Structures are given as C-alpha cells and as structure tokens.
file upload.pdb (PDB, C-alpha atoms)
MODEL        1
ATOM      1  CA  MET M   1     144.741  71.459  18.386
ATOM      2  CA  ALA M   2     142.582  73.463  20.676
ATOM      3  CA  ASP M   3     142.268  76.053  17.953
ATOM      4  CA  GLU M   4     141.125  73.433  15.540
ATOM      5  CA  ILE M   5     138.499  72.186  17.922
ATOM      6  CA  GLN M   6     137.310  75.702  18.476
ATOM      7  CA  ARG M   7     137.282  76.395  14.788
ATOM      8  CA  GLN M   8     135.318  73.245  14.279
ATOM      9  CA  ALA M   9     132.921  74.310  16.922
ATOM     10  CA  THR M  10     132.543  77.725  15.374
ATOM     11  CA  ALA M  11     132.196  76.156  11.982
ATOM     12  CA  GLU M  12     129.514  73.905  13.320
ATOM     13  CA  ALA M  13     127.681  76.658  15.042
ATOM     14  CA  PRO M  14     126.821  78.629  11.897
ATOM     15  CA  ALA M  15     125.870  75.383  10.231
ATOM     16  CA  GLU M  16     123.506  74.637  13.070
ATOM     17  CA  ALA M  17     122.231  78.140  13.320
ATOM     18  CA  PRO M  18     120.703  78.308   9.841
ATOM     19  CA  ALA M  19     118.666  75.235  10.612
ATOM     20  CA  PRO M  20     116.657  76.805  13.455
ATOM     21  CA  ALA M  21     117.026  80.189  11.821
ATOM     22  CA  PRO M  22     114.092  79.928   9.396
ATOM     23  CA  PRO M  23     111.547  79.982  12.183
ATOM     24  CA  THR M  24     113.173  83.085  13.727
ATOM     25  CA  PRO M  25     112.885  85.266  10.620
ATOM     26  CA  ALA M  26     109.268  84.271  10.520
ATOM     27  CA  ALA M  27     108.855  85.254  14.146
ATOM     28  CA  ALA M  28     111.074  88.301  13.771
ATOM     29  CA  PRO M  29     108.638  90.521  11.832
ATOM     30  CA  SER M  30     106.254  90.681  14.759
ATOM     31  CA  PRO M  31     108.890  91.659  17.370
ATOM     32  CA  GLY M  32     110.446  94.018  14.859
ATOM     33  CA  PRO M  33     107.636  96.564  14.763
ATOM     34  CA  ARG M  34     107.174  96.111  18.463
ATOM     35  CA  GLY M  35     110.820  97.067  18.964
ATOM     36  CA  GLY M  36     110.267  99.976  16.627
ATOM     37  CA  ARG M  37     107.295 101.117  18.625
ATOM     38  CA  GLY M  38     109.354 100.998  21.829
ATOM     39  CA  PRO M  39     111.550 104.029  21.072
ATOM     40  CA  GLY M  40     108.521 105.850  19.788
ATOM     41  CA  GLY M  41     106.747 105.030  23.055
ATOM     42  CA  PRO M  42     107.905 108.115  24.994
ATOM     43  CA  ARG M  43     105.321 110.539  23.649
ATOM     44  CA  GLU M  44     107.050 113.293  21.767
ATOM     45  CA  GLY M  45     106.049 116.749  22.807
ATOM     46  CA  GLY M  46     104.768 115.705  26.226
ATOM     47  CA  ARG M  47     102.899 119.010  26.630
ATOM     48  CA  LYS M  48      99.584 117.213  26.820
ATOM     49  CA  TYR M  49      98.753 118.530  30.278
ATOM     50  CA  PHE M  50      99.738 121.604  32.180
ATOM     51  CA  ARG M  51     102.116 121.085  35.059
ATOM     52  CA  ARG M  52     102.276 123.811  37.652
ATOM     53  CA  LYS M  53     105.748 125.032  38.488
ATOM     54  CA  LYS M  54     106.797 123.576  41.806
ATOM     55  CA  VAL M  55     108.095 126.026  44.348
ATOM     56  CA  CYS M  56     110.021 125.524  47.543
ATOM     57  CA  LYS M  57     107.622 125.875  50.468
ATOM     58  CA  PHE M  58     110.403 127.070  52.740
ATOM     59  CA  CYS M  59     111.502 129.801  50.341
ATOM     60  CA  VAL M  60     107.967 130.973  49.658
ATOM     61  CA  GLU M  61     106.785 131.039  53.257
ATOM     62  CA  LYS M  62     110.184 132.261  54.459
ATOM     63  CA  ILE M  63     110.591 129.470  56.964
ATOM     64  CA  ASP M  64     114.186 129.819  58.115
ATOM     65  CA  SER M  65     114.487 127.155  60.737
ATOM     66  CA  ILE M  66     113.549 123.592  59.984
ATOM     67  CA  ASP M  67     113.323 122.131  63.435
ATOM     68  CA  TYR M  68     113.112 118.464  64.298
ATOM     69  CA  LYS M  69     110.495 119.253  66.949
ATOM     70  CA  ASP M  70     108.086 120.618  64.370
ATOM     71  CA  TYR M  71     106.802 117.228  63.320
ATOM     72  CA  ARG M  72     103.641 118.708  61.806
ATOM     73  CA  LEU M  73     105.721 120.582  59.266
ATOM     74  CA  LEU M  74     108.065 117.680  58.685
ATOM     75  CA  SER M  75     105.286 115.167  58.207
ATOM     76  CA  GLN M  76     104.224 117.053  55.073
ATOM     77  CA  PHE M  77     107.483 115.910  53.520
ATOM     78  CA  VAL M  78     107.279 112.314  54.597
ATOM     79  CA  ALA M  79     105.446 109.821  52.430
ATOM     80  CA  GLU M  80     102.847 107.446  53.809
ATOM     81  CA  SER M  81     105.487 104.761  53.944
ATOM     82  CA  GLY M  82     107.723 106.920  56.117
ATOM     83  CA  LYS M  83     110.126 107.821  53.344
ATOM     84  CA  ILE M  84     111.409 111.343  52.815
ATOM     85  CA  VAL M  85     109.724 112.814  49.741
ATOM     86  CA  PRO M  86     112.332 113.507  47.039
ATOM     87  CA  ARG M  87     112.951 117.024  45.836
ATOM     88  CA  ARG M  88     111.698 116.276  42.378
ATOM     89  CA  LEU M  89     108.285 115.522  43.831
ATOM     90  CA  SER M  90     108.044 118.124  46.569
ATOM     91  CA  GLY M  91     109.821 120.943  44.744
ATOM     92  CA  VAL M  92     111.905 121.905  47.781
ATOM     93  CA  CYS M  93     115.168 123.632  46.873
ATOM     94  CA  THR M  94     118.469 121.913  47.547
ATOM     95  CA  PRO M  95     119.620 123.889  50.624
ATOM     96  CA  HIS M  96     116.245 123.451  52.269
ATOM     97  CA  GLN M  97     115.972 119.797  51.367
ATOM     98  CA  ARG M  98     119.320 119.236  53.040
ATOM     99  CA  ARG M  99     118.109 120.815  56.269
ATOM    100  CA  LEU M 100     114.775 119.119  55.957
ATOM    101  CA  SER M 101     116.255 115.658  55.649
ATOM    102  CA  THR M 102     118.471 116.220  58.705
ATOM    103  CA  ALA M 103     115.482 117.403  60.691
ATOM    104  CA  ILE M 104     113.399 114.429  59.607
ATOM    105  CA  LYS M 105     116.155 112.045  60.600
ATOM    106  CA  GLN M 106     116.455 113.679  64.009
ATOM    107  CA  ALA M 107     112.710 113.520  64.484
ATOM    108  CA  ARG M 108     112.749 109.843  63.577
ATOM    109  CA  ASN M 109     115.379 109.220  66.183
ATOM    110  CA  ILE M 110     113.234 110.626  68.965
ATOM    111  CA  ALA M 111     110.103 108.794  67.791
ATOM    112  CA  LEU M 112     108.298 111.881  66.515
ATOM    113  CA  LEU M 113     108.239 110.450  63.006
ATOM    114  CA  PRO M 114     108.236 106.834  61.962
ATOM    115  CA  PHE M 115     111.138 105.129  60.251
ATOM    116  CA  SER M 116     108.636 103.087  58.332
ATOM    117  CA  ALA M 117     104.896 102.767  58.268
ATOM    118  CA  ARG M 118     103.308 100.902  61.130
ATOM    119  CA  MET M 119     103.364  97.184  60.719
TER
ATOM    120  CA  MET O   1     133.687 125.955  75.632
ATOM    121  CA  GLN O   2     130.169 127.305  75.929
ATOM    122  CA  ARG O   3     127.729 125.695  73.592
ATOM    123  CA  THR O   4     123.999 125.332  73.530
ATOM    124  CA  TYR O   5     122.375 121.971  73.221
ATOM    125  CA  GLU O   6     118.875 120.685  73.200
ATOM    126  CA  VAL O   7     118.451 117.407  74.982
ATOM    127  CA  MET O   8     115.114 115.789  74.406
ATOM    128  CA  PHE O   9     114.211 112.626  76.220
ATOM    129  CA  ILE O  10     111.245 110.348  76.513
ATOM    130  CA  LEU O  11     110.110 108.895  79.815
ATOM    131  CA  ARG O  12     107.902 105.887  80.225
ATOM    132  CA  PRO O  13     104.239 106.921  80.154
ATOM    133  CA  ASP O  14     103.313 105.366  83.501
ATOM    134  CA  ILE O  15     105.575 107.733  85.424
ATOM    135  CA  GLY O  16     103.825 109.772  88.095
ATOM    136  CA  GLU O  17     103.724 113.550  88.178
ATOM    137  CA  GLU O  18     105.895 113.808  91.295
ATOM    138  CA  ASP O  19     108.359 111.241  90.020
ATOM    139  CA  LEU O  20     108.712 113.309  86.888
ATOM    140  CA  ASP O  21     109.328 116.477  88.890
ATOM    141  CA  LYS O  22     111.858 114.709  91.053
ATOM    142  CA  LEU O  23     113.655 113.257  88.059
ATOM    143  CA  VAL O  24     113.795 116.577  86.254
ATOM    144  CA  SER O  25     115.170 118.408  89.278
ATOM    145  CA  THR O  26     117.814 115.767  89.953
ATOM    146  CA  LEU O  27     118.910 115.860  86.322
ATOM    147  CA  GLU O  28     119.090 119.645  86.490
ATOM    148  CA  SER O  29     121.286 119.566  89.570
ATOM    149  CA  GLN O  30     123.492 116.923  87.963
ATOM    150  CA  VAL O  31     123.985 119.111  84.922
ATOM    151  CA  SER O  32     124.977 122.095  87.016
ATOM    152  CA  ALA O  33     127.336 119.855  89.021
ATOM    153  CA  ALA O  34     128.980 118.837  85.756
ATOM    154  CA  GLY O  35     129.584 122.463  84.809
ATOM    155  CA  GLY O  36     126.579 123.235  82.647
ATOM    156  CA  THR O  37     123.450 125.259  83.138
ATOM    157  CA  VAL O  38     119.929 124.224  82.273
ATOM    158  CA  LYS O  39     118.440 127.258  80.590
ATOM    159  CA  ASN O  40     114.986 125.957  80.044
ATOM    160  CA  VAL O  41     112.930 122.894  80.805
ATOM    161  CA  GLU O  42     109.934 122.196  78.638
ATOM    162  CA  ARG O  43     107.518 119.432  79.485
ATOM    163  CA  MET O  44     105.874 118.542  76.255
ATOM    164  CA  GLY O  45     103.542 116.077  77.870
ATOM    165  CA  LYS O  46     102.396 112.661  76.810
ATOM    166  CA  ARG O  47     102.514 111.842  73.151
ATOM    167  CA  ARG O  48     102.000 108.822  71.011
ATOM    168  CA  LEU O  49     105.317 107.464  69.784
ATOM    169  CA  ALA O  50     105.795 106.997  66.067
ATOM    170  CA  TYR O  51     107.030 103.484  66.721
ATOM    171  CA  ILE O  52     107.221 101.161  69.679
ATOM    172  CA  VAL O  53     110.122 101.816  72.016
ATOM    173  CA  ARG O  54     110.756  99.235  74.733
ATOM    174  CA  ARG O  55     107.198  97.996  74.317
ATOM    175  CA  PHE O  56     105.784 101.454  74.977
ATOM    176  CA  GLN O  57     103.298 103.088  72.638
ATOM    177  CA  ASP O  58     103.326 106.472  74.368
ATOM    178  CA  GLY O  59     105.922 108.521  76.153
ATOM    179  CA  MET O  60     106.373 111.651  78.206
ATOM    180  CA  TYR O  61     108.502 114.104  76.290
ATOM    181  CA  VAL O  62     110.808 116.476  78.151
ATOM    182  CA  LEU O  63     113.095 119.020  76.513
ATOM    183  CA  PHE O  64     116.149 120.516  78.201
ATOM    184  CA  THR O  65     118.036 123.457  76.808
ATOM    185  CA  VAL O  66     121.511 123.138  78.220
ATOM    186  CA  GLU O  67     124.399 125.523  78.012
ATOM    187  CA  GLY O  68     127.812 124.149  78.678
ATOM    188  CA  GLY O  69     130.698 122.174  77.330
ATOM    189  CA  GLY O  70     130.865 118.681  75.983
ATOM    190  CA  ASP O  71     131.637 117.130  79.376
ATOM    191  CA  ALA O  72     128.399 118.438  80.847
ATOM    192  CA  ILE O  73     126.473 116.875  77.974
ATOM    193  CA  HIS O  74     128.468 113.707  78.226
ATOM    194  CA  GLU O  75     127.640 113.420  81.905
ATOM    195  CA  LEU O  76     123.965 114.153  81.282
ATOM    196  CA  GLU O  77     123.783 111.534  78.556
ATOM    197  CA  ARG O  78     125.442 108.986  80.794
ATOM    198  CA  ARG O  79     122.902 109.756  83.515
ATOM    199  CA  LEU O  80     120.030 109.439  81.065
ATOM    200  CA  ARG O  81     121.332 106.097  79.923
ATOM    201  CA  VAL O  82     121.376 104.691  83.444
ATOM    202  CA  THR O  83     118.116 106.296  84.547
ATOM    203  CA  GLU O  84     115.508 103.609  84.358
ATOM    204  CA  PRO O  85     112.369 105.572  83.307
ATOM    205  CA  VAL O  86     114.168 107.199  80.361
ATOM    206  CA  ILE O  87     113.410 105.171  77.272
ATOM    207  CA  LYS O  88     115.006 107.370  74.607
ATOM    208  CA  PHE O  89     116.956 110.586  74.314
ATOM    209  CA  LEU O  90     118.411 112.829  71.635
ATOM    210  CA  THR O  91     120.956 115.614  71.885
ATOM    211  CA  VAL O  92     121.146 118.297  69.235
ATOM    212  CA  ARG O  93     123.607 121.148  69.188
ATOM    213  CA  VAL O  94     121.719 124.328  68.388
ATOM    214  CA  ASP O  95     124.113 127.259  68.876
ATOM    215  CA  LYS O  96     125.359 127.256  65.284
ATOM    216  CA  GLU O  97     121.825 127.137  63.959
ATOM    217  CA  GLN O  98     120.790 129.976  66.270
ATOM    218  CA  ALA O  99     123.733 132.065  65.103
ATOM    219  CA  ARG O 100     122.770 131.411  61.491
ATOM    220  CA  LEU O 101     119.185 132.385  62.155
ATOM    221  CA  ALA O 102     120.210 135.594  63.915
ATOM    222  CA  LYS O 103     122.391 136.492  60.954
ATOM    223  CA  LEU O 104     119.609 135.766  58.502
ATOM    224  CA  LYS O 105     117.177 137.849  60.487
ATOM    225  CA  GLU O 106     119.568 140.777  60.540
ATOM    226  CA  ARG O 107     120.202 140.524  56.824
ATOM    227  CA  ARG O 108     116.516 140.363  56.128
ATOM    228  CA  LYS O 109     115.921 143.404  58.296
ATOM    229  CA  ALA O 110     118.706 145.464  56.726
ATOM    230  CA  PRO O 111     118.037 145.187  52.963
ATOM    231  CA  ALA O 112     114.280 145.534  53.304
ATOM    232  CA  PRO O 113     114.177 148.938  51.473
ATOM    233  CA  PRO O 114     115.643 147.775  48.141
ATOM    234  CA  PRO O 115     113.107 145.281  46.817
ATOM    235  CA  GLU O 116     112.903 147.346  43.600
ATOM    236  CA  THR O 117     112.870 144.247  41.414
ATOM    237  CA  GLY O 118     109.341 143.550  42.636
ATOM    238  CA  GLY O 119     108.218 147.173  42.777
ATOM    239  CA  GLU O 120     109.486 148.215  39.363
ATOM    240  CA  PRO O 121     107.193 146.107  37.117
ATOM    241  CA  ALA O 122     104.199 147.034  39.262
ATOM    242  CA  ALA O 123     104.925 150.700  38.601
ATOM    243  CA  VAL O 124     105.217 150.043  34.873
ATOM    244  CA  THR O 125     101.898 148.252  34.676
ATOM    245  CA  ALA O 126     100.222 150.976  36.730
TER
ENDMDL
END

call {"tool": "encode", "arguments": {"input": "upload.pdb", "output": "structure tokens"}}
result
Amino acid sequence: MADEIQRQATAEAPAEAPAPAPPTPAAAPSPGPRGGRGPGGPREGGRKYFRRKKVCKFCVEKIDSIDYKDYRLLSQFVAESGKIVPRRLSGVCTPHQRRLSTAIKQARNIALLPFSARM
Amino acid sequence: MQRTYEVMFILRPDIGEEDLDKLVSTLESQVSAAGGTVKNVERMGKRRLAYIVRRFQDGMYVLFTVEGGGDAIHELERRLRVTEPVIKFLTVRVDKEQARLAKLKERRKAPAPPPETGGEPAAVTA
C-alpha cells in the first residue's frame, strides 16, 4: 500500500514536472553559458605578472633564536588584526614558522602583542 | 634538577621606584629560599600594554632569569600570584633553547671552510 502511494506520488511528480518544465528550458540557456564560463574563470596560464620568490627571513638573515621578548621582530609577522601571518603569505619556512608562532603566542600572553586589534 | 627559566612579570604602572626595588629584592630572596638562584634581573621599564590588563594600559616589565628546579619556580609563581602589584606574569623554560643555540653556533663555526657550493660557480664565471 505504501509502495503504491509512493509510486503514485512518483508517477505524479514527473507528470507535474513537465508542466513547469517549459519555462526552465527557456531560462536554462542563459545559466548554461554562465556555468560554462565558471570553470573557464580561473585564468589559464596565470603567468600574467611576475611573482618574486618568497624566502624565509629567518633563514636568510640567519636568525637562530626567535624570542618572545623581541616584539619588534615578531610584530612583522602579525597582521593588523593581530593574527599570525600564514606561511604562504610571509614565506617563512616550516621549522621557523613553528618557532615563530610559539614566540608570538608567548608574547601575546605577556601583553607584548595583542590577541586582537584594539577595540 | 637544574633548569633555567625566564620569568617575566608586569607590575602596575603606579608603583614607586623604591617599592619596585623592595619587591624585586624580596622576590629574589624568596627564590633563593626555595632552592633557586636568580641569575639576572632586568628592569625593562614602563611599556604600553598590547591590551588592557586589570584596567591598566601600561605596566612595568621585570625579567628574572632563574636557575633551579620546578619547586623554586612553583614557589615564585605562587608568590607572584598573591603579590598585589603584579598584574601578569609568564614563565618560559629556556635551557633547552640555549642548548640548541649553542649547538647550532658550534656547527656553524665548524663547517665554515666548506661552502664550496657557493664558491664554485663564482670561480667558473670568473
């Protein structure tokens, strides 16, 4: 019985669908190309402008110790909002970023750096 | 267990010079009573805080370098917590980091002669 009802419902659904369907095919052509443009959106090539290779400041300047007291150094790696700048933006290598983030967190704890921008 | 710690604490900005001296010396004696030694005391002076702590905008920063075991640090931290002018403190263990730095320095000093990878192309171009 339940099956029958369901079947009826499913049978009805396609019957109903064609009725409002005609408008959708009419509308479809416009979203169609738009959808097609979407995947094409990411510009192929992408070598439009020259991007300098990012280098790790700590490796280049041979800074061994990343100290929480050195807030001047640390503040270069903290965004305006107070967030730690991600590696992909700053170019710091993984081992140094690890030390850097610990140092920043310690500095935050002793009020040398803000947790978030001033309200 | 001998370890080296850095204990940084912030005092309220309206503390007087003599009060600060008195506080520092009492804390020092308390550390040595607890079995540690204060290697160095650095008064970093008044500084603007990055955020408001107990309604204070500024604070007097003091840095202790303490050598000793965990109990000495524990006692010092307890004292800091009950000392009224102290508004914030942070303890960082530094001996491992110092050991790492010493090792790095030594390694950097030792293999200084063989940087041929950099020298070689220069010779070729010249």

call {"tool": "resolve_selection", "arguments": {"input": "upload.pdb", "expression": "the PyMOL selection byres ((chain M and resi 88-102) around 10)", "output": "ChimeraX atom specification"}}
result
/M:53-59,63-68,73-74,76-78,84-87,103-108

call {"tool": "atom_distance", "arguments": {"input": "upload.pdb", "atom1": "atom CA of O:Tyr51", "atom2": "atom CA of M:Pro114"}}
result
5.9 Å

call {"tool": "interface_residues", "arguments": {"input": "upload.pdb", "of": "chain M", "to": "chain O", "cutoff": "6 Å", "atoms": "all atoms listed in the file", "output": "JSON, numbers by chain"}}
result
{"M": [111, 112, 113, 114]}

call {"tool": "write_last_selection", "arguments": {"input": "upload.pdb", "atoms": "C-alpha atoms", "output": "CSV table (one decimal), keeping the file's coordinate frame"}}
result
chain,number,residue,atom,x,y,z
M,111,ALA,CA,110.1,108.8,67.8
M,112,LEU,CA,108.3,111.9,66.5
M,113,LEU,CA,108.2,110.4,63.0
M,114,PRO,CA,108.2,106.8,62.0

call {"tool": "atom_distance", "arguments": {"input": "upload.pdb", "atom1": "atom CA of O:Leu11", "atom2": "atom CA of O:Asp95"}}
result
25.6 Å

call {"tool": "residues_around", "arguments": {"input": "upload.pdb", "residues": "O:Thr37", "least_positions_apart": "3", "cutoff": "9 Å", "atoms": "all atoms listed in the file", "output": "PDB file with C-alpha atoms, keeping the file's coordinate frame"}}
result
ATOM      1  CA  GLU O  28     119.090 119.645  86.490  1.00  0.00           C
ATOM      2  CA  SER O  29     121.286 119.566  89.570  1.00  0.00           C
ATOM      3  CA  VAL O  31     123.985 119.111  84.922  1.00  0.00           C
ATOM      4  CA  SER O  32     124.977 122.095  87.016  1.00  0.00           C
ATOM      5  CA  ALA O  33     127.336 119.855  89.021  1.00  0.00           C
ATOM      6  CA  ALA O  34     128.980 118.837  85.756  1.00  0.00           C
ATOM      7  CA  THR O  65     118.036 123.457  76.808  1.00  0.00           C
ATOM      8  CA  VAL O  66     121.511 123.138  78.220  1.00  0.00           C
ATOM      9  CA  GLU O  67     124.399 125.523  78.012  1.00  0.00           C
ATOM     10  CA  GLY O  68     127.812 124.149  78.678  1.00  0.00           C
ATOM     11  CA  ALA O  72     128.399 118.438  80.847  1.00  0.00           C
TER      12      ALA O  72
END

call {"tool": "atom_distance", "arguments": {"input": "upload.pdb", "atom1": "atom CA of O:Met1", "atom2": "atom CA of O:Gly69"}}
result
5.1 Å

call {"tool": "axis_aligned_box", "arguments": {"input": "upload.pdb", "around": "stretch 52-58 of chain O", "padding_each_side": "8 Å", "output": "AutoDock Vina command-line options"}}
result
--center_x 107.0 --center_y 102.2 --center_z 72.3 --size_x 23.5 --size_y 24.5 --size_z 21.3

call {"tool": "closest_residue", "arguments": {"input": "upload.pdb", "among": "O:Met44, O:Ala110, O:Val38, O:Leu80", "to": "O:Thr4", "atoms": "only C-alpha atoms"}}
result
O:Val38

call {"tool": "closest_residue", "arguments": {"input": "upload.pdb", "among": "M:Ile110, M:Lys83, M:Glu61, M:Arg51", "to": "O:Val62", "atoms": "all atoms listed in the file"}}
result
M:Ile110
